[in-house]
Amino acid sequence: MGNRDSLLIAARNCIAEKGYQRTTARDLATSANVSLAAIGYHFGTTEALLNEAVFEGIGDWGEELARVLAEETRVDGDPFEVFERVWTRVIASFDAHRGILAASYELMTCAREVSEVQDALGTALNHARRALANMFLKVDPEIEPERARQVGSLFYAILSGVMTQWLIDPLGAPSGRDLSIALQDVTTSMFGGRSGCNETCRAVGSTAEAGG
């Protein structure tokens with residue numbers, strides 16, 4: 001393994017142990033067993049190394065979520081039960097990636113001041129919206145880009161909101177079951193029996209009414 005890869009592994013370990021802002025160049029060099037100069041040679045700055053490690057970690061987490069959704073959505077059954085299973089596993093994934101997820105929030109605070117970070121986060125957000133729309137509702141972003149943006153934005157809002165609650169208050173954060181029960185409540189309250197509800201809402205609302 002080369003010094004560059006060693007530094008990226010060290011960065012992810014240090015972020016998990018100390019956090020993004022508290023990790024120093026010396027921490028990284030010591031953990032990777034390389035010289036301080038190696039950071040500048042391979043990444044230019046300590047911040048650039050940490051940022052790349054965060055984006056790499058987010059990518060790994062995204063791949064894990066894709067596998068979870070692919071496994072769970074292949075199983076037929078009550079849509080609310082599937083929804084609960086999916087979110088139970090999504091929430092369970094937070095623990096293994098806590099350092100990276102927390103660091104992503106730290107990055108957001110400086111995004112407006114650092115154009116490279118803002119561009120990278122914007123690109124990652126756009127990719128996440130498209131991927132979530134495809135993973136949850138099989139919306140092809142190439143065929144229906146606007147629908148993918150809209151649907152993906154909704155699921156990203158749920159994902160980021162649940163994640164924020166989990167990072168701040170893990171014991172009080174919603175579980176997969178909490179989210180499923182809340183969704184049933186919302187769909188029956190807002191869409192049950194309404195002629196304007198689309199086919200998906202009617203199907204979900206009917207299931208909720210039958211179960212309730």
# chains A, B, ... in the order shown; residues from 1 in each chain; ligands from 1
call {"tool": "residues_around", "arguments": {"residues": "stretch 79-96 of chain A", "least_positions_apart": "2", "cutoff": "10 Å", "atoms": "only C-alpha atoms", "output": "JSON, numbers by chain"}}
result
{"A": [16, 61, 64, 65, 66, 68, 69, 70, 71, 72, 73, 74, 75, 76, 77, 98, 99, 100, 101, 102, 136, 159, 162, 163, 166, 167, 170, 173, 174, 175, 176, 177, 178, 179, 180, 181, 183, 184, 203, 204, 207, 208, 211]}
call {"tool": "atom_distance", "arguments": {"atom1": "atom CA of A:Leu7", "atom2": "atom CA of A:Leu28"}}
result
6.6 Å
call {"tool": "residues_around", "arguments": {"residues": "A:Asp119", "least_positions_apart": "6", "cutoff": "12 Å", "atoms": "only C-alpha atoms", "output": "list in words"}}
result
Leu107, Met108, Cys110, Ala111, Arg112, Glu113, Leu125 and Asn126 of chain A
call {"tool": "write_last_selection", "arguments": {"atoms": "N, CA and C atoms", "output": "mmCIF file, in the first residue's frame"}}
result
data_model
loop_
_atom_site.group_PDB
_atom_site.id
_atom_site.type_symbol
_atom_site.label_atom_id
_atom_site.label_comp_id
_atom_site.auth_asym_id
_atom_site.auth_seq_id
_atom_site.Cartn_x
_atom_site.Cartn_y
_atom_site.Cartn_z
ATOM 1 N N LEU A 107 -18.464 19.710 7.145
ATOM 2 C CA LEU A 107 -18.095 20.262 5.843
ATOM 3 C C LEU A 107 -19.135 21.251 5.342
ATOM 4 N N MET A 108 -20.407 20.964 5.619
ATOM 5 C CA MET A 108 -21.475 21.847 5.143
ATOM 6 C C MET A 108 -21.334 23.254 5.697
ATOM 7 N N CYS A 110 -18.746 24.985 6.092
ATOM 8 C CA CYS A 110 -17.741 25.811 5.407
ATOM 9 C C CYS A 110 -17.928 25.788 3.892
ATOM 10 N N ALA A 111 -18.978 25.159 3.432
ATOM 11 C CA ALA A 111 -19.164 24.991 1.988
ATOM 12 C C ALA A 111 -19.286 26.326 1.262
ATOM 13 N N ARG A 112 -19.988 27.279 1.854
ATOM 14 C CA ARG A 112 -20.203 28.551 1.176
ATOM 15 C C ARG A 112 -18.923 29.375 1.075
ATOM 16 N N GLU A 113 -17.957 29.083 1.957
ATOM 17 C CA GLU A 113 -16.692 29.827 1.928
ATOM 18 C C GLU A 113 -15.649 29.163 1.040
ATOM 19 N N LEU A 125 -24.890 15.753 -3.700
ATOM 20 C CA LEU A 125 -26.317 15.871 -3.408
ATOM 21 C C LEU A 125 -27.158 15.516 -4.626
ATOM 22 N N ASN A 126 -26.769 16.017 -5.770
ATOM 23 C CA ASN A 126 -27.507 15.711 -6.996
ATOM 24 C C ASN A 126 -27.478 14.212 -7.290
#
call {"tool": "closest_atom_pairs", "arguments": {"of": "stretch 55-134 of chain A", "to": "stretch 138-155 of chain A", "cutoff": "8 Å", "atoms": "only C-alpha atoms", "output": "JSON lines"}}
result
{"residue": "A:Asn126", "atom": "CA", "partner": "A:Arg149", "partner_atom": "CA", "distance": 7.9}
{"residue": "A:Ala128", "atom": "CA", "partner": "A:Gly152", "partner_atom": "CA", "distance": 7.4}
{"residue": "A:Arg129", "atom": "CA", "partner": "A:Gly152", "partner_atom": "CA", "distance": 4.0}
{"residue": "A:Arg130", "atom": "CA", "partner": "A:Ala148", "partner_atom": "CA", "distance": 5.5}
{"residue": "A:Ala131", "atom": "CA", "partner": "A:Gly152", "partner_atom": "CA", "distance": 7.3}
{"residue": "A:Leu132", "atom": "CA", "partner": "A:Gly152", "partner_atom": "CA", "distance": 5.2}
{"residue": "A:Ala133", "atom": "CA", "partner": "A:Gly152", "partner_atom": "CA", "distance": 4.4}
{"residue": "A:Asn134", "atom": "CA", "partner": "A:Lys138", "partner_atom": "CA", "distance": 4.1}
call {"tool": "atom_distance", "arguments": {"atom1": "atom CA of A:Ala103", "atom2": "atom CA of A:Gly44"}}
result
19.8 Å
call {"tool": "residues_around", "arguments": {"residues": "A:Glu52", "least_positions_apart": "6", "cutoff": "12 Å", "atoms": "only C-alpha atoms", "output": "NGL selection string"}}
result
:A and (4-5 or 7-12 or 15 or 20 or 42-46 or 58-59 or 100 or 103-104 or 107 or 116-117 or 120-121)
call {"tool": "write_last_selection", "arguments": {"atoms": "C-alpha atoms", "output": "PDB file, in the first residue's frame"}}
result
ATOM      1  CA  ARG A   4      -1.524   8.063  -0.506  1.00  0.00           C
ATOM      2  CA  ASP A   5      -3.769   5.136   0.370  1.00  0.00           C
ATOM      3  CA  LEU A   7      -3.111   8.635   4.400  1.00  0.00           C
ATOM      4  CA  LEU A   8      -6.708   8.167   3.257  1.00  0.00           C
ATOM      5  CA  ILE A   9      -7.166   5.236   5.641  1.00  0.00           C
ATOM      6  CA  ALA A  10      -5.550   7.258   8.415  1.00  0.00           C
ATOM      7  CA  ALA A  11      -7.835  10.197   7.681  1.00  0.00           C
ATOM      8  CA  ARG A  12     -10.957   8.073   7.943  1.00  0.00           C
ATOM      9  CA  ILE A  15     -12.167  11.402  11.649  1.00  0.00           C
ATOM     10  CA  TYR A  20     -13.057  16.365  11.243  1.00  0.00           C
ATOM     11  CA  HIS A  42      -0.159  13.723  -2.331  1.00  0.00           C
ATOM     12  CA  PHE A  43      -2.992  16.105  -1.421  1.00  0.00           C
ATOM     13  CA  GLY A  44      -1.651  19.646  -1.214  1.00  0.00           C
ATOM     14  CA  THR A  45      -3.260  20.436   2.156  1.00  0.00           C
ATOM     15  CA  THR A  46      -4.549  18.656   5.228  1.00  0.00           C
ATOM     16  CA  ILE A  58     -19.867   8.867   1.905  1.00  0.00           C
ATOM     17  CA  GLY A  59     -19.470   6.933  -1.343  1.00  0.00           C
ATOM     18  CA  ILE A 100     -17.943  10.242   8.263  1.00  0.00           C
ATOM     19  CA  ALA A 103     -17.848  15.093   9.281  1.00  0.00           C
ATOM     20  CA  SER A 104     -20.142  15.671   6.301  1.00  0.00           C
ATOM     21  CA  LEU A 107     -18.095  20.262   5.843  1.00  0.00           C
ATOM     22  CA  GLU A 116     -14.427  23.474  -4.193  1.00  0.00           C
ATOM     23  CA  VAL A 117     -16.261  21.997  -1.205  1.00  0.00           C
ATOM     24  CA  ALA A 120     -18.289  18.707  -4.483  1.00  0.00           C
ATOM     25  CA  LEU A 121     -21.195  18.651  -2.011  1.00  0.00           C
TER      26      LEU A 121
END
call {"tool": "select_by_dssp", "arguments": {"residues": "stretch 68-185 of chain A", "states": "helix (DSSP H, G or I)", "output": "PyMOL selection string"}}
result
chain A and resi 68-72+79-96+98-110+115-137+145-168+176-185
call {"tool": "write_last_selection", "arguments": {"atoms": "C-alpha atoms", "output": "tab-separated table (two decimals), in the first residue's frame"}}
result
chain	number	residue	atom	x	y	z
A	68	VAL	CA	-29.84	-2.64	1.45
A	69	LEU	CA	-32.54	-1.25	-0.81
A	70	ALA	CA	-31.86	-3.79	-3.54
A	71	GLU	CA	-32.25	-6.62	-1.05
A	72	GLU	CA	-35.33	-5.33	0.74
A	79	PRO	CA	-45.55	-1.66	1.44
A	80	PHE	CA	-45.43	-0.28	4.96
A	81	GLU	CA	-43.67	-3.41	6.20
A	82	VAL	CA	-41.13	-3.06	3.38
A	83	PHE	CA	-40.73	0.63	4.25
A	84	GLU	CA	-40.12	-0.27	7.90
A	85	ARG	CA	-37.53	-2.94	7.03
A	86	VAL	CA	-35.68	-0.62	4.68
A	87	TRP	CA	-35.46	2.24	7.17
A	88	THR	CA	-34.56	-0.06	10.04
A	89	ARG	CA	-31.53	-1.18	8.08
A	90	VAL	CA	-30.71	2.32	6.84
A	91	ILE	CA	-30.70	3.63	10.42
A	92	ALA	CA	-28.59	0.66	11.53
A	93	SER	CA	-25.98	1.68	8.94
A	94	PHE	CA	-25.43	5.03	10.66
A	95	ASP	CA	-23.43	3.54	13.52
A	96	ALA	CA	-20.64	2.09	11.38
A	98	ARG	CA	-20.89	7.85	12.34
A	99	GLY	CA	-17.56	9.68	12.00
A	100	ILE	CA	-17.94	10.24	8.26
A	101	LEU	CA	-21.59	11.29	8.57
A	102	ALA	CA	-20.78	13.78	11.32
A	103	ALA	CA	-17.85	15.09	9.28
A	104	SER	CA	-20.14	15.67	6.30
A	105	TYR	CA	-22.16	18.07	8.46
A	106	GLU	CA	-18.97	19.84	9.51
A	107	LEU	CA	-18.09	20.26	5.84
A	108	MET	CA	-21.47	21.85	5.14
A	109	THR	CA	-20.68	24.68	7.53
A	110	CYS	CA	-17.74	25.81	5.41
A	115	SER	CA	-16.11	26.85	-3.63
A	116	GLU	CA	-14.43	23.47	-4.19
A	117	VAL	CA	-16.26	22.00	-1.21
A	118	GLN	CA	-19.56	23.56	-2.24
A	119	ASP	CA	-19.18	22.17	-5.78
A	120	ALA	CA	-18.29	18.71	-4.48
A	121	LEU	CA	-21.19	18.65	-2.01
A	122	GLY	CA	-23.57	19.91	-4.69
A	123	THR	CA	-22.48	17.17	-7.05
A	124	ALA	CA	-22.85	14.56	-4.31
A	125	LEU	CA	-26.32	15.87	-3.41
A	126	ASN	CA	-27.51	15.71	-7.00
A	127	HIS	CA	-26.19	12.17	-7.33
A	128	ALA	CA	-27.86	11.18	-4.04
A	129	ARG	CA	-31.25	12.52	-5.17
A	130	ARG	CA	-31.10	10.58	-8.42
A	131	ALA	CA	-29.88	7.41	-6.73
A	132	LEU	CA	-32.55	7.54	-3.99
A	133	ALA	CA	-35.34	8.05	-6.53
A	134	ASN	CA	-34.11	5.06	-8.48
A	135	MET	CA	-33.54	2.87	-5.41
A	136	PHE	CA	-36.88	3.57	-3.73
A	137	LEU	CA	-39.31	3.99	-6.65
A	145	PRO	CA	-34.99	13.69	-14.63
A	146	GLU	CA	-37.49	16.10	-13.06
A	147	ARG	CA	-39.46	13.34	-11.35
A	148	ALA	CA	-36.20	11.85	-10.11
A	149	ARG	CA	-35.20	15.23	-8.65
A	150	GLN	CA	-38.56	15.65	-6.92
A	151	VAL	CA	-38.83	12.11	-5.55
A	152	GLY	CA	-35.15	12.02	-4.65
A	153	SER	CA	-35.45	15.33	-2.80
A	154	LEU	CA	-38.26	13.90	-0.65
A	155	PHE	CA	-36.33	10.78	0.28
A	156	TYR	CA	-33.15	12.79	0.87
A	157	ALA	CA	-35.10	15.09	3.21
A	158	ILE	CA	-36.26	12.05	5.18
A	159	LEU	CA	-32.78	10.53	5.18
A	160	SER	CA	-30.95	13.68	6.24
A	161	GLY	CA	-33.60	14.53	8.82
A	162	VAL	CA	-33.46	11.10	10.44
A	163	MET	CA	-29.67	11.19	10.34
A	164	THR	CA	-29.57	14.60	12.03
A	165	GLN	CA	-31.84	13.39	14.81
A	166	TRP	CA	-29.73	10.24	15.23
A	167	LEU	CA	-26.47	12.20	15.45
A	168	ILE	CA	-27.89	14.60	18.05
A	176	GLY	CA	-37.92	2.26	11.12
A	177	ARG	CA	-41.18	1.33	12.81
A	178	ASP	CA	-41.75	4.92	13.95
A	179	LEU	CA	-41.34	6.12	10.37
A	180	SER	CA	-43.67	3.45	9.01
A	181	ILE	CA	-46.41	4.27	11.55
A	182	ALA	CA	-46.04	7.99	10.84
A	183	LEU	CA	-46.26	7.37	7.08
A	184	GLN	CA	-49.47	5.38	7.53
A	185	ASP	CA	-50.90	8.20	9.62
